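Novice: target00.cif is reproduced in full below (mmCIF, C-alpha atoms).
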data_protein
#
loop_
_atom_site.group_PDB
_atom_site.id
_atom_site.type_symbol
_atom_site.label_atom_id
_atom_site.label_comp_id
_atom_site.auth_asym_id
_atom_site.auth_seq_id
_atom_site.Cartn_x
_atom_site.Cartn_y
_atom_site.Cartn_z
ATOM 1 C CA MET A 87 -30.621 29.603 -27.708
ATOM 2 C CA ASN A 88 -30.218 32.922 -25.944
ATOM 3 C CA LYS A 89 -26.982 34.371 -24.634
ATOM 4 C CA THR A 90 -27.673 33.420 -21.022
ATOM 5 C CA ARG A 91 -28.267 29.800 -21.919
ATOM 6 C CA MET A 92 -25.130 29.704 -24.059
ATOM 7 C CA ALA A 93 -23.112 31.179 -21.211
ATOM 8 C CA ARG A 94 -24.471 28.515 -18.833
ATOM 9 C CA MET A 95 -23.597 25.761 -21.281
ATOM 10 C CA ALA A 96 -20.093 27.158 -21.624
ATOM 11 C CA ILE A 97 -19.627 27.181 -17.854
ATOM 12 C CA ILE A 98 -20.849 23.596 -17.543
ATOM 13 C CA CYS A 99 -18.510 22.488 -20.320
ATOM 14 C CA LEU A 100 -15.638 24.241 -18.595
ATOM 15 C CA ILE A 101 -16.399 22.523 -15.286
ATOM 16 C CA VAL A 102 -16.670 19.110 -16.910
ATOM 17 C CA GLY A 103 -13.488 19.745 -18.878
ATOM 18 C CA ALA A 104 -11.637 20.874 -15.803
ATOM 19 C CA THR A 105 -12.742 17.763 -13.951
ATOM 20 C CA SER A 106 -11.371 15.559 -16.713
ATOM 21 C CA THR A 107 -8.089 17.435 -16.722
ATOM 22 C CA VAL A 108 -7.687 17.113 -12.983
ATOM 23 C CA PHE A 109 -7.889 13.331 -13.257
ATOM 24 C CA ALA A 110 -5.588 12.974 -16.220
ATOM 25 C CA VAL A 111 -2.243 11.296 -15.607
ATOM 26 C CA PRO A 112 -0.084 12.247 -18.555
ATOM 27 C CA PRO A 113 2.300 9.514 -19.694
ATOM 28 C CA GLY A 114 5.216 11.582 -18.449
ATOM 29 C CA GLN A 115 4.107 10.959 -14.882
ATOM 30 C CA VAL A 116 4.847 7.263 -15.149
ATOM 31 C CA PHE A 117 7.999 5.375 -16.099
ATOM 32 C CA ARG A 118 8.499 1.672 -16.542
ATOM 33 C CA LEU A 119 11.682 -0.385 -16.877
ATOM 34 C CA THR A 120 11.497 -4.010 -17.988
ATOM 35 C CA THR A 121 15.043 -4.556 -19.255
ATOM 36 C CA PRO A 122 17.761 -5.036 -16.623
ATOM 37 C CA VAL A 123 20.310 -2.272 -16.252
ATOM 38 C CA GLN A 124 23.543 -2.237 -14.259
ATOM 39 C CA PHE A 125 25.245 0.598 -12.467
ATOM 40 C CA PHE A 126 28.679 0.689 -10.902
ATOM 41 C CA GLY A 127 30.360 3.184 -8.697
ATOM 42 C CA PRO A 128 29.910 5.654 -5.917
ATOM 43 C CA CYS A 129 26.856 7.759 -5.183
ATOM 44 C CA CYS A 130 25.489 9.660 -6.816
ATOM 45 C CA ILE A 131 24.703 9.146 -10.463
ATOM 46 C CA SER A 132 21.515 9.233 -12.506
ATOM 47 C CA LEU A 133 19.845 5.840 -12.720
ATOM 48 C CA ASN A 134 18.156 6.807 -15.988
ATOM 49 C CA GLU A 135 14.562 6.813 -14.799
ATOM 50 C CA PHE A 136 12.652 10.063 -15.210
ATOM 51 C CA VAL A 137 9.127 11.366 -14.562
ATOM 52 C CA GLN A 138 7.616 14.802 -14.919
ATOM 53 C CA VAL A 139 4.697 16.632 -13.379
ATOM 54 C CA THR A 140 3.167 20.024 -13.990
ATOM 55 C CA GLU A 141 2.774 22.104 -10.848
ATOM 56 C CA PRO A 142 0.121 24.817 -10.505
ATOM 57 C CA ALA A 143 1.059 28.472 -9.988
ATOM 58 C CA LYS A 144 1.381 27.743 -6.290
ATOM 59 C CA PRO A 145 3.368 24.461 -6.140
ATOM 60 C CA VAL A 146 2.047 21.665 -3.953
ATOM 61 C CA PRO A 147 3.884 18.614 -2.557
ATOM 62 C CA VAL A 148 4.297 15.608 -4.814
ATOM 63 C CA VAL A 149 4.523 11.926 -3.991
ATOM 64 C CA VAL A 150 6.979 9.828 -5.971
ATOM 65 C CA THR A 151 6.811 6.040 -5.719
ATOM 66 C CA TRP A 152 9.571 3.731 -6.913
ATOM 67 C CA SER A 153 8.983 -0.008 -7.024
ATOM 68 C CA ALA A 154 11.812 -2.271 -8.178
ATOM 69 C CA ASP A 155 13.369 -5.699 -8.431
ATOM 70 C CA TYR A 156 17.101 -5.327 -7.880
ATOM 71 C CA PHE A 157 20.218 -6.756 -6.356
ATOM 72 C CA THR A 158 23.409 -5.201 -5.108
ATOM 73 C CA VAL A 159 26.914 -6.589 -5.036
ATOM 74 C CA ARG A 160 29.323 -4.981 -2.605
ATOM 75 C CA GLN A 161 32.985 -5.788 -2.746
ATOM 76 C CA ASN A 162 35.100 -6.053 0.395
ATOM 77 C CA GLY A 163 32.240 -5.076 2.662
ATOM 78 C CA GLY A 164 31.801 -1.671 1.033
ATOM 79 C CA GLY A 165 29.193 0.677 2.558
ATOM 80 C CA ASN A 166 25.607 1.297 1.537
ATOM 81 C CA VAL A 167 23.774 1.592 -1.758
ATOM 82 C CA LEU A 168 21.291 4.443 -1.842
ATOM 83 C CA ALA A 169 18.462 5.581 -4.111
ATOM 84 C CA GLY A 170 17.034 9.088 -4.181
ATOM 85 C CA LEU A 171 15.856 11.815 -6.518
ATOM 86 C CA MET A 172 17.270 14.737 -8.428
ATOM 87 C CA VAL A 173 14.610 17.442 -8.582
ATOM 88 C CA ASN A 174 14.858 19.678 -11.639
ATOM 89 C CA GLY A 175 18.484 18.775 -12.174
ATOM 90 C CA GLY A 176 19.493 19.538 -8.599
ATOM 91 C CA PRO A 177 21.678 17.341 -6.404
ATOM 92 C CA CYS A 178 20.719 13.767 -5.590
ATOM 93 C CA GLN A 179 18.854 13.781 -2.293
ATOM 94 C CA LEU A 180 16.850 11.406 -0.139
ATOM 95 C CA TYR A 181 13.182 12.281 0.354
ATOM 96 C CA GLY A 182 12.374 9.401 2.677
ATOM 97 C CA SER A 183 13.819 5.930 2.976
ATOM 98 C CA GLY A 184 16.407 5.196 0.339
ATOM 99 C CA GLN A 185 18.756 2.505 1.557
ATOM 100 C CA LEU A 186 18.800 -0.554 -0.636
ATOM 101 C CA SER A 187 19.257 -3.852 1.171
ATOM 102 C CA ASP A 188 22.640 -5.531 0.936
ATOM 103 C CA THR A 189 21.813 -8.569 -1.120
ATOM 104 C CA ASP A 190 23.491 -10.813 -3.610
ATOM 105 C CA PHE A 191 20.130 -12.110 -4.734
ATOM 106 C CA GLU A 192 17.177 -10.297 -6.239
ATOM 107 C CA VAL A 193 14.735 -8.607 -3.924
ATOM 108 C CA GLN A 194 11.656 -6.469 -4.391
ATOM 109 C CA ARG A 195 11.251 -3.143 -2.646
ATOM 110 C CA ALA A 196 8.971 -0.122 -2.925
ATOM 111 C CA PHE A 197 9.850 3.374 -1.780
ATOM 112 C CA GLN A 198 7.546 6.368 -1.347
ATOM 113 C CA TRP A 199 9.134 9.789 -1.386
ATOM 114 C CA ILE A 200 7.551 13.174 -0.681
ATOM 115 C CA VAL A 201 8.949 16.302 -2.281
ATOM 116 C CA PHE A 202 7.832 19.664 -0.912
ATOM 117 C CA PRO A 203 7.736 22.990 -2.761
ATOM 118 C CA SER A 204 10.698 24.093 -0.649
ATOM 119 C CA ASP A 205 12.724 21.240 -2.156
ATOM 120 C CA GLY A 206 12.889 23.077 -5.464
ATOM 121 C CA LEU A 207 9.496 22.557 -7.079
ATOM 122 C CA VAL A 208 8.519 25.325 -9.470
ATOM 123 C CA PRO A 209 5.286 26.348 -11.203
ATOM 124 C CA GLY A 210 4.980 24.470 -14.471
ATOM 125 C CA LEU A 211 6.967 21.436 -15.498
ATOM 126 C CA ASN A 212 9.112 19.657 -12.882
ATOM 127 C CA THR A 213 11.457 16.747 -13.591
ATOM 128 C CA PHE A 214 12.382 13.974 -11.177
ATOM 129 C CA ALA A 215 15.328 11.732 -11.962
ATOM 130 C CA LEU A 216 16.077 8.590 -10.015
ATOM 131 C CA CYS A 217 19.637 8.671 -8.723
ATOM 132 C CA GLY A 218 21.869 6.765 -6.368
ATOM 133 C CA GLY A 219 24.936 4.632 -6.004
ATOM 134 C CA ALA A 220 27.250 3.242 -3.384
ATOM 135 C CA THR A 221 28.755 5.000 -0.397
ATOM 136 C CA GLY A 222 31.704 4.228 1.836
ATOM 137 C CA ALA A 223 34.930 2.336 1.270
ATOM 138 C CA ASN A 224 35.332 0.494 -2.032
ATOM 139 C CA ALA A 225 32.202 2.195 -3.358
ATOM 140 C CA GLU A 226 33.663 2.316 -6.845
ATOM 141 C CA THR A 227 33.573 -1.468 -7.068
ATOM 142 C CA ASN A 228 29.994 -1.918 -5.909
ATOM 143 C CA GLU A 229 27.244 -2.872 -8.326
ATOM 144 C CA LEU A 230 23.535 -2.174 -8.476
ATOM 145 C CA GLU A 231 21.431 -4.062 -10.975
ATOM 146 C CA ILE A 232 17.804 -3.039 -11.465
ATOM 147 C CA ARG A 233 15.893 -5.889 -13.104
ATOM 148 C CA GLY A 234 12.525 -4.176 -13.428
ATOM 149 C CA SER A 235 10.946 -1.074 -11.953
ATOM 150 C CA THR A 236 8.289 1.602 -12.110
ATOM 151 C CA LEU A 237 8.498 5.254 -11.124
ATOM 152 C CA VAL A 238 5.291 7.257 -10.633
ATOM 153 C CA VAL A 239 4.741 10.850 -9.551
ATOM 154 C CA ARG A 240 1.477 12.309 -8.305
ATOM 155 C CA LEU A 241 0.515 15.770 -7.181
ATOM 156 C CA SER A 242 -1.046 16.025 -3.755
ATOM 157 C CA LYS A 243 -4.351 17.843 -3.868
ATOM 158 C CA MET B 151 -45.293 37.714 -8.794
ATOM 159 C CA ARG B 152 -44.837 35.721 -11.990
ATOM 160 C CA ALA B 153 -41.394 37.226 -12.436
ATOM 161 C CA GLU B 154 -40.428 36.169 -8.919
ATOM 162 C CA LEU B 155 -41.597 32.610 -9.528
ATOM 163 C CA LYS B 156 -39.621 32.519 -12.735
ATOM 164 C CA ALA B 157 -36.499 33.706 -10.922
ATOM 165 C CA ILE B 158 -36.934 31.098 -8.181
ATOM 166 C CA LYS B 159 -37.436 28.382 -10.793
ATOM 167 C CA ARG B 160 -34.298 29.471 -12.629
ATOM 168 C CA PHE B 161 -32.310 29.521 -9.400
ATOM 169 C CA ALA B 162 -33.573 26.058 -8.442
ATOM 170 C CA THR B 163 -32.703 24.640 -11.858
ATOM 171 C CA THR B 164 -29.192 26.073 -11.714
ATOM 172 C CA PHE B 165 -28.728 24.797 -8.158
ATOM 173 C CA VAL B 166 -29.815 21.275 -9.065
ATOM 174 C CA LEU B 167 -27.550 21.302 -12.107
ATOM 175 C CA LEU B 168 -24.516 22.442 -10.121
ATOM 176 C CA ALA B 169 -25.244 19.906 -7.385
ATOM 177 C CA ALA B 170 -25.389 17.162 -9.996
ATOM 178 C CA ILE B 171 -22.058 18.232 -11.474
ATOM 179 C CA MET B 172 -20.438 18.374 -8.043
ATOM 180 C CA GLY B 173 -21.845 14.956 -7.289
ATOM 181 C CA ILE B 174 -20.316 13.567 -10.444
ATOM 182 C CA ALA B 175 -16.978 15.142 -9.557
ATOM 183 C CA THR B 176 -17.062 13.679 -6.049
ATOM 184 C CA ALA B 177 -17.949 10.265 -7.386
ATOM 185 C CA ALA B 178 -15.053 10.513 -9.795
ATOM 186 C CA PHE B 179 -12.632 11.055 -6.905
ATOM 187 C CA ALA B 180 -13.906 8.011 -5.041
ATOM 188 C CA VAL B 181 -12.318 4.653 -5.814
ATOM 189 C CA PRO B 182 -15.050 2.357 -7.167
ATOM 190 C CA SER B 183 -15.279 -1.007 -5.435
ATOM 191 C CA ASN B 184 -14.396 -2.883 -8.617
ATOM 192 C CA GLN B 185 -11.009 -1.141 -8.610
ATOM 193 C CA VAL B 186 -9.973 -2.724 -5.311
ATOM 194 C CA LEU B 187 -9.677 -6.280 -4.068
ATOM 195 C CA THR B 188 -8.963 -7.024 -0.418
ATOM 196 C CA ASN B 189 -9.731 -9.274 2.558
ATOM 197 C CA LEU B 190 -8.700 -12.368 0.683
ATOM 198 C CA GLY B 191 -8.039 -15.606 2.520
ATOM 199 C CA GLY B 192 -4.730 -17.419 2.537
ATOM 200 C CA ARG B 193 -3.933 -19.676 -0.393
ATOM 201 C CA THR B 194 -1.070 -21.616 -1.902
ATOM 202 C CA ILE B 195 -0.066 -21.305 -5.527
ATOM 203 C CA THR B 196 1.855 -24.084 -7.231
ATOM 204 C CA GLY B 197 2.904 -24.698 -10.791
ATOM 205 C CA PRO B 198 5.211 -23.242 -13.384
ATOM 206 C CA CYS B 199 4.760 -19.739 -14.758
ATOM 207 C CA CYS B 200 2.467 -18.488 -16.066
ATOM 208 C CA PHE B 201 -1.187 -18.984 -15.283
ATOM 209 C CA SER B 202 -4.046 -16.888 -13.947
ATOM 210 C CA TRP B 203 -4.366 -16.593 -10.206
ATOM 211 C CA GLY B 204 -8.011 -15.630 -10.528
ATOM 212 C CA GLU B 205 -7.740 -12.370 -8.614
ATOM 213 C CA ASP B 206 -8.690 -9.316 -10.606
ATOM 214 C CA VAL B 207 -9.751 -5.702 -10.600
ATOM 215 C CA THR B 208 -11.521 -3.805 -13.324
ATOM 216 C CA VAL B 209 -11.216 -0.257 -14.482
ATOM 217 C CA THR B 210 -13.128 1.783 -17.026
ATOM 218 C CA GLU B 211 -11.024 3.662 -19.541
ATOM 219 C CA PRO B 212 -12.246 6.852 -21.209
ATOM 220 C CA ARG B 213 -12.355 7.255 -24.985
ATOM 221 C CA ALA B 214 -8.764 8.467 -25.004
ATOM 222 C CA VAL B 215 -7.145 5.564 -23.160
ATOM 223 C CA VAL B 216 -4.710 6.635 -20.419
ATOM 224 C CA PRO B 217 -2.109 4.789 -18.298
ATOM 225 C CA VAL B 218 -3.174 2.972 -15.157
ATOM 226 C CA VAL B 219 -1.185 2.120 -12.050
ATOM 227 C CA VAL B 220 -1.819 -1.223 -10.364
ATOM 228 C CA THR B 221 -0.579 -1.766 -6.818
ATOM 229 C CA TRP B 222 -0.321 -5.188 -5.184
ATOM 230 C CA SER B 223 0.622 -5.324 -1.526
ATOM 231 C CA VAL B 224 1.099 -8.848 -0.207
ATOM 232 C CA ASN B 225 2.278 -11.035 2.627
ATOM 233 C CA PHE B 226 3.916 -14.089 1.158
ATOM 234 C CA GLN B 227 6.161 -17.017 1.913
ATOM 235 C CA ALA B 228 8.160 -18.876 -0.712
ATOM 236 C CA ARG B 229 11.199 -21.088 -0.930
ATOM 237 C CA ASP B 230 11.302 -21.042 -4.714
ATOM 238 C CA ILE B 231 11.354 -17.986 -6.944
ATOM 239 C CA PHE B 232 7.988 -16.956 -8.327
ATOM 240 C CA GLN B 233 7.149 -14.441 -11.018
ATOM 241 C CA VAL B 234 4.039 -12.288 -10.763
ATOM 242 C CA GLY B 235 2.473 -10.145 -13.465
ATOM 243 C CA ILE B 236 -0.813 -9.008 -14.917
ATOM 244 C CA SER B 237 -3.014 -10.368 -17.651
ATOM 245 C CA VAL B 238 -4.759 -7.474 -19.393
ATOM 246 C CA ASN B 239 -8.236 -8.392 -20.604
ATOM 247 C CA GLY B 240 -7.489 -12.113 -20.623
ATOM 248 C CA HIS B 241 -4.378 -11.888 -22.737
ATOM 249 C CA GLU B 242 -1.052 -13.490 -21.914
ATOM 250 C CA CYS B 243 0.662 -12.823 -18.620
ATOM 251 C CA GLN B 244 2.897 -9.770 -18.929
ATOM 252 C CA PHE B 245 5.313 -8.046 -16.609
ATOM 253 C CA PHE B 246 5.062 -4.325 -16.082
ATOM 254 C CA GLY B 247 7.971 -3.569 -13.781
ATOM 255 C CA PRO B 248 9.092 -5.527 -10.720
ATOM 256 C CA GLN B 249 7.995 -9.142 -10.904
ATOM 257 C CA LEU B 250 9.869 -11.433 -8.514
ATOM 258 C CA LEU B 251 8.727 -13.052 -5.298
ATOM 259 C CA THR B 252 11.859 -14.383 -3.661
ATOM 260 C CA ASP B 253 12.782 -15.762 -0.311
ATOM 261 C CA GLU B 254 15.446 -13.833 1.550
ATOM 262 C CA PRO B 255 17.024 -16.483 3.760
ATOM 263 C CA GLU B 256 19.902 -14.333 4.935
ATOM 264 C CA SER B 257 17.833 -11.450 6.234
ATOM 265 C CA GLN B 258 14.467 -12.980 7.005
ATOM 266 C CA GLY B 259 15.074 -16.574 7.894
ATOM 267 C CA VAL B 260 13.422 -19.551 6.285
ATOM 268 C CA ASP B 261 9.623 -19.609 6.593
ATOM 269 C CA ALA B 262 9.369 -15.905 7.363
ATOM 270 C CA PHE B 263 6.576 -13.989 5.691
ATOM 271 C CA ARG B 264 7.654 -11.032 3.617
ATOM 272 C CA ALA B 265 5.557 -7.947 2.841
ATOM 273 C CA PRO B 266 6.532 -6.296 -0.440
ATOM 274 C CA THR B 267 4.468 -3.860 -2.444
ATOM 275 C CA PHE B 268 4.493 -4.005 -6.228
ATOM 276 C CA GLN B 269 3.617 -1.008 -8.375
ATOM 277 C CA TRP B 270 2.966 -1.705 -12.041
ATOM 278 C CA VAL B 271 2.380 0.776 -14.845
ATOM 279 C CA MET B 272 0.178 -0.227 -17.762
ATOM 280 C CA LEU B 273 0.249 1.930 -20.872
ATOM 281 C CA PRO B 274 -2.460 2.184 -23.534
ATOM 282 C CA SER B 275 -0.191 0.166 -25.852
ATOM 283 C CA ASP B 276 -0.283 -2.759 -23.425
ATOM 284 C CA GLY B 277 -3.798 -3.717 -24.485
ATOM 285 C CA LEU B 278 -5.956 -1.288 -22.545
ATOM 286 C CA ILE B 279 -9.163 -0.453 -24.365
ATOM 287 C CA GLN B 280 -11.921 2.089 -24.111
ATOM 288 C CA GLY B 281 -14.512 0.909 -21.585
ATOM 289 C CA SER B 282 -14.120 -1.870 -19.048
ATOM 290 C CA ASN B 283 -10.699 -3.475 -18.628
ATOM 291 C CA THR B 284 -10.007 -6.517 -16.457
ATOM 292 C CA LEU B 285 -6.580 -6.833 -14.890
ATOM 293 C CA THR B 286 -5.866 -10.289 -13.466
ATOM 294 C CA LEU B 287 -2.926 -11.430 -11.366
ATOM 295 C CA CYS B 288 -0.920 -14.171 -12.996
ATOM 296 C CA GLY B 289 2.458 -15.845 -12.697
ATOM 297 C CA GLY B 290 3.993 -18.986 -11.281
ATOM 298 C CA ASP B 291 7.149 -20.792 -10.221
ATOM 299 C CA ILE B 292 10.230 -20.119 -12.335
ATOM 300 C CA THR B 293 12.688 -22.310 -10.457
ATOM 301 C CA ALA B 294 11.521 -25.690 -9.242
ATOM 302 C CA PRO B 295 7.830 -26.186 -9.852
ATOM 303 C CA GLU B 296 7.954 -29.653 -8.389
ATOM 304 C CA HIS B 297 8.962 -28.241 -5.032
ATOM 305 C CA ASP B 298 7.264 -25.859 -2.656
ATOM 306 C CA GLY B 299 4.428 -23.543 -3.548
ATOM 307 C CA LEU B 300 3.892 -19.862 -2.928
ATOM 308 C CA THR B 301 1.835 -19.104 0.161
ATOM 309 C CA LEU B 302 -0.122 -15.872 -0.010
ATOM 310 C CA GLY B 303 -1.360 -14.220 3.161
ATOM 311 C CA LEU B 304 -3.228 -10.944 3.540
ATOM 312 C CA ARG B 305 -3.089 -8.853 0.416
ATOM 313 C CA THR B 306 -4.695 -6.028 -1.532
ATOM 314 C CA LEU B 307 -4.880 -5.298 -5.234
ATOM 315 C CA SER B 308 -5.920 -1.908 -6.540
ATOM 316 C CA VAL B 309 -5.906 0.052 -9.756
ATOM 317 C CA THR B 310 -5.951 3.805 -10.187
ATOM 318 C CA ILE B 311 -6.677 5.643 -13.359
ATOM 319 C CA SER B 312 -7.100 9.146 -14.614
ATOM 320 C CA LYS B 313 -10.539 10.177 -15.736
#
Written as structure tokens, that's how I'd like the structure from this file.

Specialist:
Amino acid sequence: MNKTRMARMAIICLIVGATSTVFAVPPGQVFRLTTPVQFFGPCCISLNEFVQVTEPAKPVPVVVTWSADYFTVRQNGGGNVLAGLMVNGGPCQLYGSGQLSDTDFEVQRAFQWIVFPSDGLVPGLNTFALCGGATGANAETNELEIRGSTLVVRLSK
Amino acid sequence: MRAELKAIKRFATTFVLLAAIMGIATAAFAVPSNQVLTNLGGRTITGPCCFSWGEDVTVTEPRAVVPVVVTWSVNFQARDIFQVGISVNGHECQFFGPQLLTDEPESQGVDAFRAPTFQWVMLPSDGLIQGSNTLTLCGGDITAPEHDGLTLGLRTLSVTISK
């Protein structure tokens, strides 16, 4: 095999390898909860669900999807219960819809959030933590119970 | 002249090779038809959890098995509480995240159709194998199986994987 042929083979291998890498979804990009967890108190606290994604040198928007079974219990008509994201340890913010229905029975909801580079994404590893809690009067007595959920992050291409 | 022909032949071979690779890459981005299920007619499901609902998608895992994300978007109507999950390759019904189909009488009114979307994450340790994997909807009534059934309306089931 001459040098030219070897170089061609190397390029082809690189292309095929790059294609595989592009499609890979590392385990860190998905999170699954199957054991119920309870949270009490005012917004905003970490809800202990985390995903990570590796951004290229020039960060691109990411789409985070949260799907959950949950119920909320609000005492004395206390305000809202919200869910959002903490990007790279920053403050808890909403990146789309985030209001959880006022229910005293279990419901299923899915939320899709879009995080832009200007929201604090950096080249390399980025961490997204689910966060939330109650707002308004008597927020400290409100309860959120997540019975099962998944959190998934994907880079937009 | 011979040298020119040789150069043209080399160029053509390289071009065809690159086109083939690009074709493979494009095909990889497309969602194969077996990974989606849609345009299903209405049906009623009755009986206690858990049994197969006979609606499935398949996905081909590479040698190094990777997680998959299954999304089920559904219109449904139920007066009882139903559980919904996935059977991986014909094994028992398992739950990979949210799993409840419940009526919401206070906000929706009895007999209203609801439209939730479920996103489930399946990890290699959940029974995924190299090659073809069949993911089948399963579940059933977990409250009063002798009462009303679960009415399914329009719905889609899809699976996405890394390759």

Novice: Of the candidates B:Arg305, B:Arg193, B:His241, B:Arg213, which one gets nearest to chain A if we count only C-alpha atoms?

Specialist: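 Counting only C-alpha atoms, the residue closest to chain A is B:Arg213.
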
Novice: Might you pull out every residue within 12 Å of Ile232 of chain A, with all atoms listed in the file counted and same-chain residues fewer than 6 positions away left off, and present them as an NGL selection string?

Specialist: (:A and (118-126 or 133-135 or 152-159 or 169 or 186 or 191-195 or 216 or 218-219)) or (:B and (247-250))

Novice: Using C-alpha atoms, can you export the residues from the last selection as a PDB file, in the coordinates of the input?

Specialist:
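Output file part_25.pdb follows:
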ATOM      1  CA  ARG A 118       8.499   1.672 -16.542  1.00  0.00           C
ATOM      2  CA  LEU A 119      11.682  -0.385 -16.877  1.00  0.00           C
ATOM      3  CA  THR A 120      11.497  -4.010 -17.988  1.00  0.00           C
ATOM      4  CA  THR A 121      15.043  -4.556 -19.255  1.00  0.00           C
ATOM      5  CA  PRO A 122      17.761  -5.036 -16.623  1.00  0.00           C
ATOM      6  CA  VAL A 123      20.310  -2.272 -16.252  1.00  0.00           C
ATOM      7  CA  GLN A 124      23.543  -2.237 -14.259  1.00  0.00           C
ATOM      8  CA  PHE A 125      25.245   0.598 -12.467  1.00  0.00           C
ATOM      9  CA  PHE A 126      28.679   0.689 -10.902  1.00  0.00           C
ATOM     10  CA  LEU A 133      19.845   5.840 -12.720  1.00  0.00           C
ATOM     11  CA  ASN A 134      18.156   6.807 -15.988  1.00  0.00           C
ATOM     12  CA  GLU A 135      14.562   6.813 -14.799  1.00  0.00           C
ATOM     13  CA  TRP A 152       9.571   3.731  -6.913  1.00  0.00           C
ATOM     14  CA  SER A 153       8.983  -0.008  -7.024  1.00  0.00           C
ATOM     15  CA  ALA A 154      11.812  -2.271  -8.178  1.00  0.00           C
ATOM     16  CA  ASP A 155      13.369  -5.699  -8.431  1.00  0.00           C
ATOM     17  CA  TYR A 156      17.101  -5.327  -7.880  1.00  0.00           C
ATOM     18  CA  PHE A 157      20.218  -6.756  -6.356  1.00  0.00           C
ATOM     19  CA  THR A 158      23.409  -5.201  -5.108  1.00  0.00           C
ATOM     20  CA  VAL A 159      26.914  -6.589  -5.036  1.00  0.00           C
ATOM     21  CA  ALA A 169      18.462   5.581  -4.111  1.00  0.00           C
ATOM     22  CA  LEU A 186      18.800  -0.554  -0.636  1.00  0.00           C
ATOM     23  CA  PHE A 191      20.130 -12.110  -4.734  1.00  0.00           C
ATOM     24  CA  GLU A 192      17.177 -10.297  -6.239  1.00  0.00           C
ATOM     25  CA  VAL A 193      14.735  -8.607  -3.924  1.00  0.00           C
ATOM     26  CA  GLN A 194      11.656  -6.469  -4.391  1.00  0.00           C
ATOM     27  CA  ARG A 195      11.251  -3.143  -2.646  1.00  0.00           C
ATOM     28  CA  LEU A 216      16.077   8.590 -10.015  1.00  0.00           C
ATOM     29  CA  GLY A 218      21.869   6.765  -6.368  1.00  0.00           C
ATOM     30  CA  GLY A 219      24.936   4.632  -6.004  1.00  0.00           C
TER      31      GLY A 219
ATOM     32  CA  GLY B 247       7.971  -3.569 -13.781  1.00  0.00           C
ATOM     33  CA  PRO B 248       9.092  -5.527 -10.720  1.00  0.00           C
ATOM     34  CA  GLN B 249       7.995  -9.142 -10.904  1.00  0.00           C
ATOM     35  CA  LEU B 250       9.869 -11.433  -8.514  1.00  0.00           C
TER      36      LEU B 250
END

Novice: Record the distance separating atom CA of Gly127 of chain A and atom CA of Asn166 of chain A, expressed in Å with one decimal.

Specialist: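 Value for the atom CA of Gly127 of chain A-atom CA of Asn166 of chain A distance: 11.4 Å.
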
Novice: Tell me which residues the PyMOL selection byres ((chain B) within 7 of (chain A)) grabs here, as a compact mmCIF listing (two decimals) with C-alpha atoms, in the frame of the given file.

Specialist:
# COMPACT_ATOMS: atom_id res chain seq x y z
CA ALA B 175 -16.98 15.14 -9.56
CA PRO B 217 -2.11 4.79 -18.30
CA PHE B 246 5.06 -4.32 -16.08
CA GLY B 247 7.97 -3.57 -13.78
CA PRO B 248 9.09 -5.53 -10.72
CA GLN B 249 8.00 -9.14 -10.90
CA LEU B 250 9.87 -11.43 -8.51
CA THR B 252 11.86 -14.38 -3.66
CA PRO B 266 6.53 -6.30 -0.44
CA THR B 267 4.47 -3.86 -2.44
CA PHE B 268 4.49 -4.00 -6.23
CA GLN B 269 3.62 -1.01 -8.38
CA TRP B 270 2.97 -1.70 -12.04
CA VAL B 271 2.38 0.78 -14.84
CA SER B 312 -7.10 9.15 -14.61
CA LYS B 313 -10.54 10.18 -15.74

Novice: Apply the PyMOL selection byres ((chain A and resi 146) around 12) to the displayed file and report the matching residues as a list in words.

Specialist: Val139, Thr140, Glu141, Pro142, Ala143, Lys144, Pro145, Pro147, Val148, Val149, Ile200, Val201, Phe202, Pro203, Ser204, Asp205, Gly206, Leu207, Val208, Pro209, Gly210, Asn212, Arg240, Leu241, Ser242 and Lys243 of chain A

Novice: Check what the PyMOL selection byres ((chain B and resi 182-190) around 6) selects in the file above and give those residues as a PyMOL selection string.

Specialist: chain B and resi 181+191+207-209+306-309

Novice: So which residues touch Trp203 of chain B within 12 Å, counting all atoms listed in the file, skipping near sequence neighbours fewer than 2 positions away, as a list of chain:residue names?

Specialist: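 These residues fall inside the cut-off: B:Arg193, B:Thr194, B:Ile195, B:Thr196, B:Gly197, B:Cys199, B:Cys200, B:Phe201, B:Glu205, B:Asp206, B:Gln233, B:Val234, B:Gly235, B:Ile236, B:Ser237, B:Gly240, B:Cys243, B:Leu285, B:Thr286, B:Leu287, B:Cys288, B:Gly289, B:Gly290, B:Leu300, B:Leu302.
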
Novice: What is the distance between atom CA of Asp291 of chain B and atom CA of Leu251 of chain B, in Å to one decimal?

Specialist: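 One can read the atom CA of Asp291 of chain B to atom CA of Leu251 of chain B distance as 9.3 Å.
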
Novice: Suppose you want the space between atom CA of Val239 of chain A and atom CA of Val219 of chain B; what is it in Å?

Specialist: 10.8 Å

Novice: Using all atoms listed in the file, which of A:Gln185, A:Ser132, A:Gln179, A:Gln138 sits nearest Val167 of chain A?

Specialist: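 Checking each of A:Gln185, A:Ser132, A:Gln179, A:Gln138 against Val167 of chain A, counting all atoms listed in the file, the winner is A:Gln185.
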
Novice: Using only C-alpha atoms, which of B:Pro198, B:Ser275, B:Gln244, B:Thr310 sits nearest Thr221 of chain B?

Specialist: B:Thr310

Novice: For Asp298 of chain B, which residue among B:Thr210, B:Gly204, B:Gln227, B:Trp222 is the nearest when counting all atoms listed in the file?

Specialist: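 Ranking B:Thr210, B:Gly204, B:Gln227, B:Trp222 by distance to Asp298 of chain B, first place goes to B:Gln227.
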
Novice: Just want the 8 Å neighbourhood of Phe214 of chain A, counted on only C-alpha atoms, with same-chain residues fewer than 4 positions away dropped. Output as a list in words.

Specialist: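 Listed by chain and then number, they are Phe136, Val137, Gln138, Leu171, Met172, Val173, Asn174 and Gly175 of chain A.
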